[in-house]
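Structure below is entry.cif: mmCIF, C-alpha atoms.
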```cif
data_protein
loop_
_atom_site.label_atom_id
_atom_site.label_comp_id
_atom_site.auth_asym_id
_atom_site.auth_seq_id
_atom_site.Cartn_x
_atom_site.Cartn_y
_atom_site.Cartn_z
CA MET A 1 23.06 46.20 14.83
CA LYS A 2 20.23 45.50 12.36
CA LEU A 3 19.46 42.17 10.79
CA PHE A 4 20.36 41.90 7.10
CA ASP A 5 16.92 42.26 5.52
CA VAL A 6 16.69 39.39 2.99
CA TYR A 7 13.48 37.68 4.15
CA PRO A 8 9.92 38.96 3.62
CA LEU A 9 8.35 38.07 6.96
CA PHE A 10 4.81 37.29 8.10
CA ASP A 11 3.88 39.37 11.14
CA ILE A 12 3.74 36.29 13.38
CA GLU A 13 6.25 34.99 15.92
CA ILE A 14 6.06 31.28 16.67
CA LYS A 15 7.14 30.49 20.23
CA SER A 16 6.30 26.79 20.63
CA GLY A 17 5.09 23.71 18.84
CA LYS A 18 3.68 20.25 19.50
CA GLY A 19 3.11 17.55 16.93
CA CYS A 20 1.55 19.13 13.85
CA TYR A 21 0.71 22.41 15.60
CA THR A 22 2.59 25.61 16.35
CA TYR A 23 1.69 28.46 18.73
CA ASP A 24 2.43 32.17 18.44
CA THR A 25 3.21 34.78 21.08
CA GLU A 26 -0.51 35.63 21.33
CA GLY A 27 -1.41 32.01 22.09
CA ASN A 28 -2.97 31.27 18.69
CA GLU A 29 -2.77 27.69 17.43
CA TYR A 30 -1.78 26.95 13.82
CA LEU A 31 -2.02 23.69 11.92
CA ASP A 32 1.45 23.32 10.43
CA LEU A 33 1.25 21.96 6.89
CA TYR A 34 4.66 23.32 5.92
CA GLY A 35 6.99 22.07 8.64
CA GLY A 36 9.40 24.97 8.20
CA HIS A 37 10.30 24.01 4.60
CA ALA A 38 9.87 20.22 5.16
CA VAL A 39 12.26 20.26 8.12
CA ILE A 40 9.88 18.97 10.81
CA SER A 41 9.66 15.27 10.07
CA ILE A 42 8.54 13.63 13.33
CA GLY A 43 6.51 16.56 14.69
CA HIS A 44 7.34 19.55 16.85
CA SER A 45 8.85 18.89 20.29
CA HIS A 46 8.53 15.12 20.17
CA PRO A 47 9.21 13.94 23.76
CA TYR A 48 11.61 11.13 22.79
CA TYR A 49 13.59 13.51 20.58
CA ILE A 50 13.69 16.19 23.28
CA ASN A 51 14.84 13.70 25.92
CA LYS A 52 17.63 12.32 23.73
CA ILE A 53 19.13 15.66 22.80
CA THR A 54 18.76 16.94 26.38
CA GLU A 55 20.63 13.92 27.74
CA GLN A 56 23.37 14.34 25.14
CA ALA A 57 23.67 18.09 25.75
CA GLN A 58 24.27 17.38 29.43
CA ARG A 59 27.16 15.05 28.50
CA LEU A 60 28.83 16.67 25.47
CA ILE A 61 27.59 18.94 22.69
CA PHE A 62 30.65 19.04 20.45
CA TYR A 63 34.13 17.81 19.87
CA SER A 64 36.08 17.75 16.64
CA ASN A 65 36.31 15.11 13.92
CA SER A 66 39.94 14.49 14.92
CA VAL A 67 38.75 11.91 17.47
CA LYS A 68 36.37 8.96 17.32
CA ASN A 69 32.65 9.65 17.65
CA SER A 70 30.66 6.42 17.91
CA LEU A 71 27.42 8.36 17.43
CA GLN A 72 28.38 8.90 13.79
CA GLN A 73 28.59 5.15 13.22
CA GLN A 74 25.32 4.59 15.09
CA LEU A 75 23.66 7.08 12.76
CA ALA A 76 25.22 5.48 9.68
CA ASP A 77 24.03 2.04 10.79
CA LYS A 78 20.46 3.22 11.42
CA LEU A 79 20.30 5.25 8.21
CA GLY A 80 21.74 2.44 6.09
CA LYS A 81 19.22 -0.06 7.45
CA ILE A 82 16.08 2.07 7.12
CA SER A 83 17.01 3.41 3.69
CA GLY A 84 18.24 0.18 2.14
CA TYR A 85 21.70 1.62 1.48
CA GLU A 86 23.77 -0.34 4.02
CA ASP A 87 26.55 -0.83 1.45
CA TYR A 88 27.03 2.95 0.97
CA SER A 89 29.20 5.26 3.09
CA LEU A 90 28.03 8.39 4.92
CA PHE A 91 29.68 11.82 5.05
CA LEU A 92 28.08 14.19 7.55
CA ILE A 93 27.77 17.97 7.24
CA ASN A 94 25.32 20.65 8.38
CA SER A 95 22.89 21.49 5.57
CA GLY A 96 21.42 20.52 2.23
CA ALA A 97 23.50 23.04 0.34
CA GLU A 98 26.66 21.60 1.90
CA ALA A 99 25.51 18.10 1.01
CA ASN A 100 25.10 19.05 -2.64
CA GLU A 101 28.35 21.00 -2.60
CA ASN A 102 30.26 17.94 -1.40
CA ALA A 103 28.44 15.60 -3.78
CA LEU A 104 29.43 17.76 -6.74
CA LYS A 105 33.01 17.86 -5.46
CA LEU A 106 33.11 14.07 -5.15
CA ALA A 107 31.73 13.68 -8.66
CA SER A 108 34.38 16.00 -10.06
CA PHE A 109 37.17 14.22 -8.18
CA HIS A 110 35.87 10.89 -9.46
CA THR A 111 35.55 11.82 -13.13
CA GLY A 112 38.16 14.53 -13.53
CA LYS A 113 35.53 16.68 -15.25
CA LYS A 114 33.45 19.69 -14.18
CA LYS A 115 30.43 20.16 -16.46
CA VAL A 116 27.10 19.36 -14.79
CA ILE A 117 23.63 18.63 -16.11
CA ALA A 118 20.80 20.02 -13.99
CA PHE A 119 17.13 20.59 -14.78
CA SER A 120 14.74 23.45 -15.40
CA LYS A 121 13.25 24.80 -12.14
CA ALA A 122 15.92 23.00 -10.08
CA PHE A 123 16.89 24.22 -6.62
CA HIS A 124 19.95 22.74 -4.92
CA GLY A 125 21.07 25.42 -2.44
CA ARG A 126 22.81 28.77 -2.12
CA THR A 127 26.49 27.92 -1.65
CA SER A 128 28.95 28.28 -4.50
CA ALA A 129 28.54 25.14 -6.63
CA ALA A 130 25.04 24.34 -5.36
CA VAL A 131 23.68 27.71 -6.42
CA LYS A 132 25.32 27.40 -9.83
CA VAL A 133 23.24 24.24 -10.50
CA THR A 134 20.10 26.03 -9.26
CA ASP A 135 17.92 27.34 -12.07
CA ASN A 136 17.59 30.89 -10.78
CA PRO A 137 20.13 33.35 -12.27
CA LYS A 138 19.04 36.07 -9.82
CA ILE A 139 20.73 34.31 -6.91
CA VAL A 140 23.92 33.33 -8.76
CA ALA A 141 26.66 35.87 -8.04
CA PRO A 142 29.50 36.38 -10.55
CA ILE A 143 31.89 34.58 -8.20
CA ASN A 144 29.67 31.47 -8.36
CA ASP A 145 29.74 31.35 -12.15
CA THR A 146 32.83 29.14 -12.38
CA PHE A 147 31.80 26.01 -14.31
CA GLU A 148 29.42 25.06 -17.10
CA VAL A 149 25.91 23.85 -16.32
CA ALA A 150 23.41 22.62 -18.89
CA PHE A 151 19.85 23.15 -17.66
CA LEU A 152 17.63 20.69 -19.51
CA PRO A 153 13.86 20.10 -19.49
CA LEU A 154 12.75 17.61 -16.85
CA ASN A 155 11.77 14.21 -18.28
CA ASP A 156 13.43 14.82 -21.68
CA ILE A 157 15.86 11.90 -21.92
CA GLU A 158 16.84 12.68 -25.51
CA ARG A 159 18.22 16.07 -24.48
CA VAL A 160 20.19 14.37 -21.71
CA LYS A 161 21.64 11.81 -24.11
CA LYS A 162 22.66 14.53 -26.53
CA GLU A 163 24.42 16.53 -23.80
CA ILE A 164 26.19 13.53 -22.31
CA SER A 165 27.37 12.42 -25.76
CA LYS A 166 29.69 15.46 -25.82
CA GLY A 167 31.94 13.59 -23.37
CA ASP A 168 32.58 16.42 -20.92
CA VAL A 169 29.86 15.82 -18.31
CA CYS A 170 30.96 15.17 -14.74
CA ALA A 171 27.56 14.63 -13.12
CA VAL A 172 23.80 14.81 -13.45
CA ILE A 173 22.04 16.25 -10.39
CA ILE A 174 18.29 15.87 -10.00
CA GLU A 175 15.80 16.23 -7.17
CA GLY A 176 13.74 13.21 -6.18
CA ILE A 177 10.79 15.57 -6.55
CA GLN A 178 11.37 19.24 -7.29
CA GLY A 179 10.24 21.28 -4.29
CA VAL A 180 10.94 24.94 -4.98
CA GLY A 181 10.19 24.22 -8.65
CA GLY A 182 6.55 23.50 -7.86
CA ILE A 183 6.39 19.80 -6.87
CA GLN A 184 7.44 18.54 -10.28
CA VAL A 185 7.77 14.74 -10.28
CA PRO A 186 10.33 13.01 -12.54
CA ASP A 187 8.80 10.20 -14.60
CA THR A 188 9.72 6.68 -13.53
CA GLN A 189 10.88 5.73 -17.03
CA PHE A 190 12.92 8.92 -17.29
CA LEU A 191 14.78 8.11 -14.07
CA LYS A 192 15.43 4.53 -15.18
CA GLU A 193 16.85 5.70 -18.52
CA LEU A 194 18.81 8.45 -16.80
CA ARG A 195 20.42 5.85 -14.53
CA ASN A 196 21.33 3.72 -17.54
CA ILE A 197 22.79 6.53 -19.64
CA CYS A 198 24.90 7.76 -16.70
CA THR A 199 26.24 4.24 -16.09
CA GLN A 200 27.07 3.73 -19.77
CA ASN A 201 29.04 7.00 -19.93
CA GLN A 202 30.71 6.99 -16.49
CA VAL A 203 28.73 10.06 -15.43
CA VAL A 204 27.92 10.39 -11.72
CA LEU A 205 24.19 10.44 -10.90
CA ILE A 206 23.40 12.62 -7.87
CA LEU A 207 19.92 12.41 -6.33
CA ASP A 208 19.10 15.48 -4.27
CA GLU A 209 16.72 14.12 -1.62
CA VAL A 210 17.16 17.09 0.70
CA GLN A 211 13.45 17.93 0.60
CA SER A 212 11.94 14.78 -0.91
CA GLY A 213 13.78 12.25 1.25
CA TYR A 214 13.45 10.94 4.79
CA GLY A 215 10.09 9.26 4.27
CA ARG A 216 8.23 12.28 2.97
CA THR A 217 6.91 10.59 -0.18
CA GLY A 218 5.89 7.30 1.41
CA LYS A 219 9.23 5.64 0.70
CA PHE A 220 12.45 6.60 2.43
CA PHE A 221 13.72 8.28 -0.74
CA ALA A 222 11.53 9.57 -3.56
CA HIS A 223 13.73 7.93 -6.21
CA GLN A 224 12.90 4.52 -4.70
CA HIS A 225 9.46 4.78 -6.31
CA SER A 226 11.36 4.27 -9.59
CA GLY A 227 13.55 1.41 -8.41
CA ILE A 228 16.91 3.05 -9.22
CA ARG A 229 20.10 3.45 -7.17
CA PRO A 230 22.06 6.70 -7.64
CA ASP A 231 25.78 7.08 -7.10
CA LEU A 232 25.37 9.85 -4.54
CA ILE A 233 22.33 10.82 -2.44
CA THR A 234 22.10 14.10 -0.52
CA VAL A 235 19.98 14.55 2.60
CA ALA A 236 19.25 17.25 5.19
CA LYS A 237 15.96 18.99 6.19
CA GLY A 238 13.95 16.20 7.88
CA MET A 239 17.15 14.48 8.98
CA GLY A 240 17.40 16.37 12.29
CA ASN A 241 13.78 17.54 12.79
CA GLY A 242 15.07 21.09 13.11
CA PHE A 243 18.60 20.48 14.34
CA PRO A 244 21.03 21.40 11.53
CA ILE A 245 22.50 18.28 9.94
CA GLY A 246 23.04 17.01 6.41
CA GLY A 247 24.69 14.10 4.74
CA VAL A 248 25.90 12.47 1.54
CA LEU A 249 25.30 8.74 0.98
CA ILE A 250 28.19 7.56 -1.17
CA SER A 251 28.36 4.52 -3.45
CA PRO A 252 31.12 1.93 -2.89
CA ALA A 253 32.52 3.02 -6.27
CA PHE A 254 34.07 6.06 -4.52
CA THR A 255 37.33 5.67 -2.61
CA PRO A 256 37.89 8.02 0.33
CA VAL A 257 41.22 9.82 0.66
CA TYR A 258 42.32 11.68 3.79
CA GLY A 259 41.66 15.39 3.31
CA MET A 260 39.36 14.92 0.31
CA LEU A 261 36.40 16.30 2.28
CA GLY A 262 36.19 17.99 5.65
CA THR A 263 33.96 19.84 8.07
CA THR A 264 34.20 21.47 11.49
CA PHE A 265 30.68 21.04 12.81
CA GLY A 266 29.42 18.20 10.62
CA GLY A 267 28.52 15.02 12.50
CA ASN A 268 28.87 16.61 15.92
CA HIS A 269 27.57 14.76 18.96
CA LEU A 270 24.34 16.70 19.39
CA ALA A 271 23.48 16.59 15.68
CA CYS A 272 24.03 12.82 15.48
CA THR A 273 21.91 12.30 18.59
CA ALA A 274 19.08 14.32 17.03
CA ALA A 275 19.33 12.40 13.76
CA CYS A 276 19.37 9.01 15.51
CA ALA A 277 16.30 10.02 17.53
CA VAL A 278 14.48 10.97 14.32
CA LEU A 279 15.10 7.54 12.80
CA ASP A 280 14.05 5.81 16.02
CA VAL A 281 10.73 7.67 16.06
CA MET A 282 10.15 7.14 12.34
CA GLN A 283 10.45 3.38 12.82
CA GLU A 284 8.60 3.16 16.13
CA GLU A 285 5.64 5.20 14.89
CA ASN A 286 5.63 3.91 11.28
CA LEU A 287 5.84 7.46 9.95
CA ILE A 288 6.89 6.48 6.41
CA GLU A 289 3.81 4.30 6.11
CA ASN A 290 1.73 7.09 7.62
CA ALA A 291 3.06 9.56 5.05
CA ALA A 292 2.01 7.21 2.27
CA THR A 293 -1.46 6.52 3.70
CA VAL A 294 -2.39 10.02 4.83
CA GLY A 295 -0.80 11.54 1.74
CA GLU A 296 -2.91 9.36 -0.54
CA TYR A 297 -6.01 10.25 1.47
CA LEU A 298 -5.23 13.97 1.42
CA ILE A 299 -4.66 13.96 -2.34
CA SER A 300 -7.94 12.09 -2.89
CA GLN A 301 -9.83 14.72 -0.87
CA LEU A 302 -8.08 17.60 -2.63
CA LYS A 303 -9.22 16.17 -5.96
CA THR A 304 -12.83 16.88 -4.95
CA ILE A 305 -12.11 20.64 -4.96
CA PRO A 306 -12.83 21.93 -8.50
CA GLN A 307 -10.96 25.23 -8.04
CA ILE A 308 -7.61 23.41 -7.95
CA LYS A 309 -6.16 23.23 -11.46
CA ASP A 310 -3.62 20.47 -10.78
CA ILE A 311 -2.43 18.34 -7.86
CA ARG A 312 1.10 16.92 -7.93
CA GLY A 313 3.30 14.96 -5.59
CA LYS A 314 3.62 11.79 -3.55
CA GLY A 315 2.98 11.09 0.12
CA LEU A 316 3.14 14.29 2.15
CA MET A 317 4.93 16.32 -0.52
CA ILE A 318 2.05 17.91 -2.39
CA GLY A 319 1.67 20.85 -4.77
CA LEU A 320 -1.67 22.55 -5.48
CA GLU A 321 -1.66 24.59 -8.67
CA PHE A 322 -4.29 27.27 -9.26
CA ASP A 323 -5.22 29.38 -12.29
CA TYR A 324 -4.34 32.53 -10.36
CA PRO A 325 -1.67 33.80 -7.95
CA VAL A 326 -2.00 32.13 -4.55
CA LYS A 327 -0.61 34.91 -2.34
CA GLU A 328 -4.04 36.03 -1.12
CA LEU A 329 -5.23 32.44 -0.64
CA ARG A 330 -2.14 31.58 1.37
CA ASN A 331 -2.56 34.69 3.52
CA LYS A 332 -6.19 33.78 4.22
CA LEU A 333 -5.19 30.26 5.20
CA LEU A 334 -2.62 31.68 7.60
CA PHE A 335 -4.35 34.69 9.11
CA GLU A 336 -8.02 33.63 8.92
CA GLN A 337 -7.85 29.83 9.16
CA HIS A 338 -4.54 29.52 11.08
CA VAL A 339 -2.90 27.05 8.68
CA PHE A 340 0.73 27.29 7.61
CA THR A 341 1.41 26.38 3.98
CA GLY A 342 4.24 27.06 1.56
CA ALA A 343 4.38 28.37 -1.99
CA SER A 344 6.29 27.67 -5.20
CA GLY A 345 6.45 30.46 -7.71
CA THR A 346 3.23 32.39 -8.21
CA ASN A 347 0.44 29.84 -8.57
CA VAL A 348 1.42 26.82 -6.46
CA ILE A 349 0.78 26.10 -2.78
CA ARG A 350 3.17 23.57 -1.24
CA LEU A 351 2.17 21.16 1.51
CA LEU A 352 5.05 19.66 3.51
CA PRO A 353 3.61 18.74 6.91
CA PRO A 354 5.20 16.59 9.60
CA LEU A 355 5.03 12.90 8.66
CA SER A 356 2.82 12.33 11.71
CA LEU A 357 -0.12 14.21 10.14
CA SER A 358 -3.39 12.38 10.82
CA LYS A 359 -6.42 11.92 8.56
CA GLU A 360 -8.39 14.06 11.01
CA GLN A 361 -5.89 16.89 10.61
CA ALA A 362 -6.00 16.43 6.83
CA ASP A 363 -9.80 16.74 6.99
CA CYS A 364 -9.43 19.88 9.08
CA PHE A 365 -7.28 21.45 6.38
CA ILE A 366 -9.68 20.40 3.61
CA GLY A 367 -12.54 22.05 5.49
CA LYS A 368 -10.61 25.27 6.01
CA LEU A 369 -9.51 25.37 2.35
CA LYS A 370 -13.08 24.82 1.15
CA ASN A 371 -14.30 27.61 3.44
CA ILE A 372 -12.01 30.07 1.69
CA LEU A 373 -12.67 28.84 -1.84
CA SER A 374 -16.46 28.59 -1.51
#
```
Starting from the file, lay out its structure as structure tokens.
Amino acid sequence: MKLFDVYPLFDIEIKSGKGCYTYDTEGNEYLDLYGGHAVISIGHSHPYYINKITEQAQRLIFYSNSVKNSLQQQLADKLGKISGYEDYSLFLINSGAEANENALKLASFHTGKKKVIAFSKAFHGRTSAAVKVTDNPKIVAPINDTFEVAFLPLNDIERVKKEISKGDVCAVIIEGIQGVGGIQVPDTQFLKELRNICTQNQVVLILDEVQSGYGRTGKFFAHQHSGIRPDLITVAKGMGNGFPIGGVLISPAFTPVYGMLGTTFGGNHLACTAACAVLDVMQEENLIENAATVGEYLISQLKTIPQIKDIRGKGLMIGLEFDYPVKELRNKLLFEQHVFTGASGTNVIRLLPPLSLSKEQADCFIGKLKNILS
């Protein structure tokens, strides 16, 4: 049987990793400034993380959500405390797309409506409702095209007000910082006004923090830079440091009903153990503070490179925009300098390293980038 060929692949196989480095089958070392799409939050193969999931795997990997699982409550307690959302509830699933899918479902249950406002360049996942609110018609199949979505320009509050005034909007979904869209940062004032207009019109505000959350921007959630509190917050990627897990943080305004949501694998014992270990390490090693400090330093050093047209982002979620396509530059970084980076569209390189990145490793990357650009 062949694999279904939907991924363009680099001719590299990564076999191991440690901290901010990965190693291929030939023994080459790579500085990982992409973290597998922002998934690696506490570093590759962290010993505490490995020990915790190994111990749990030896006891029990999975049992169903038809019985109590105290690990779920442990995770909810830890997540509530570190994020500042102790008064919210947590629903656990397996991925960011599932998190957004369930958030949209909750919003529709809550309001009785189904129209959604999303934003230009948005990416929210590839499942049915999540892909419909993603601004990429090429990946929306006819079967996904089942409800109305208004894609509006980011940071244009007047367009939002006009759309909401029609009275048929169920929810507004917005990324804390757009990742796939090129590290586009919502304005603080825009988010504050968006929160107000949603409250005034009983529209559910969903913050997609799948990529921008979990400490990546120097606060636990990117929207916390703006001082707002959404109704629903979706998380995944960095939540399990590579183990599949996602979640929805749910405002007290929502009332749970048996059967309203459900999942087979979500919140399983091994996933919760991985997620608890991630939060333990983040606190013990001050990784959110490190993301803020090293991110600010990295951005300051990048600003000394004249070939970069624009630098966007917060913490360790950074976009470098160039005046030309970055495919060749990214290939040189990977194959000549042994640095993993990501891309957004044609002209933007994305940096999403583990939150443990050091200033010395940031300097290493700056040196390698300058070598190519000089």
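You can rank A:Lys52, A:Lys115, A:Lys314, A:Lys192 by their closest distance to A:Pro230 using only C-alpha atoms, and at the top of that list sits A:Lys192.
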- One decimal place gives the atom CA of A:Asn94-atom CA of A:Phe265 separation as 7.0 Å
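Picked out by the PyMOL selection byres ((chain A and resi 75) around 10) when it runs on this file: A:Ser70, A:Leu71, A:Gln72, A:Gln73, A:Gln74, A:Ala76, A:Asp77, A:Lys78, A:Leu79, A:Gly80, A:Lys81, A:Leu90, A:Leu92, A:Gly267, A:Ala271, A:Cys272, A:Thr273, A:Ala274, A:Ala275, A:Cys276, A:Ala277, A:Leu279.
Proximity ranking of A:Arg195, A:Leu320, A:Gly43, A:Phe62 relative to A:Leu31 places A:Gly43 first, based on only C-alpha atoms.
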- Query: Could you pull the residues within 6 Å of A:Thr234, counting all atoms listed in the file, minus those fewer than 3 positions along the same chain, as number ranges by chain?
  - Reply: A: 99, 208-210, 247-248
- Item | For A:Val133: contacts at 7 Å, only C-alpha atoms, fewer than 3 positions along chain excluded, given as a list of chain:residue names | A:Ala118, A:His124, A:Ala129, A:Ala130, A:Val149
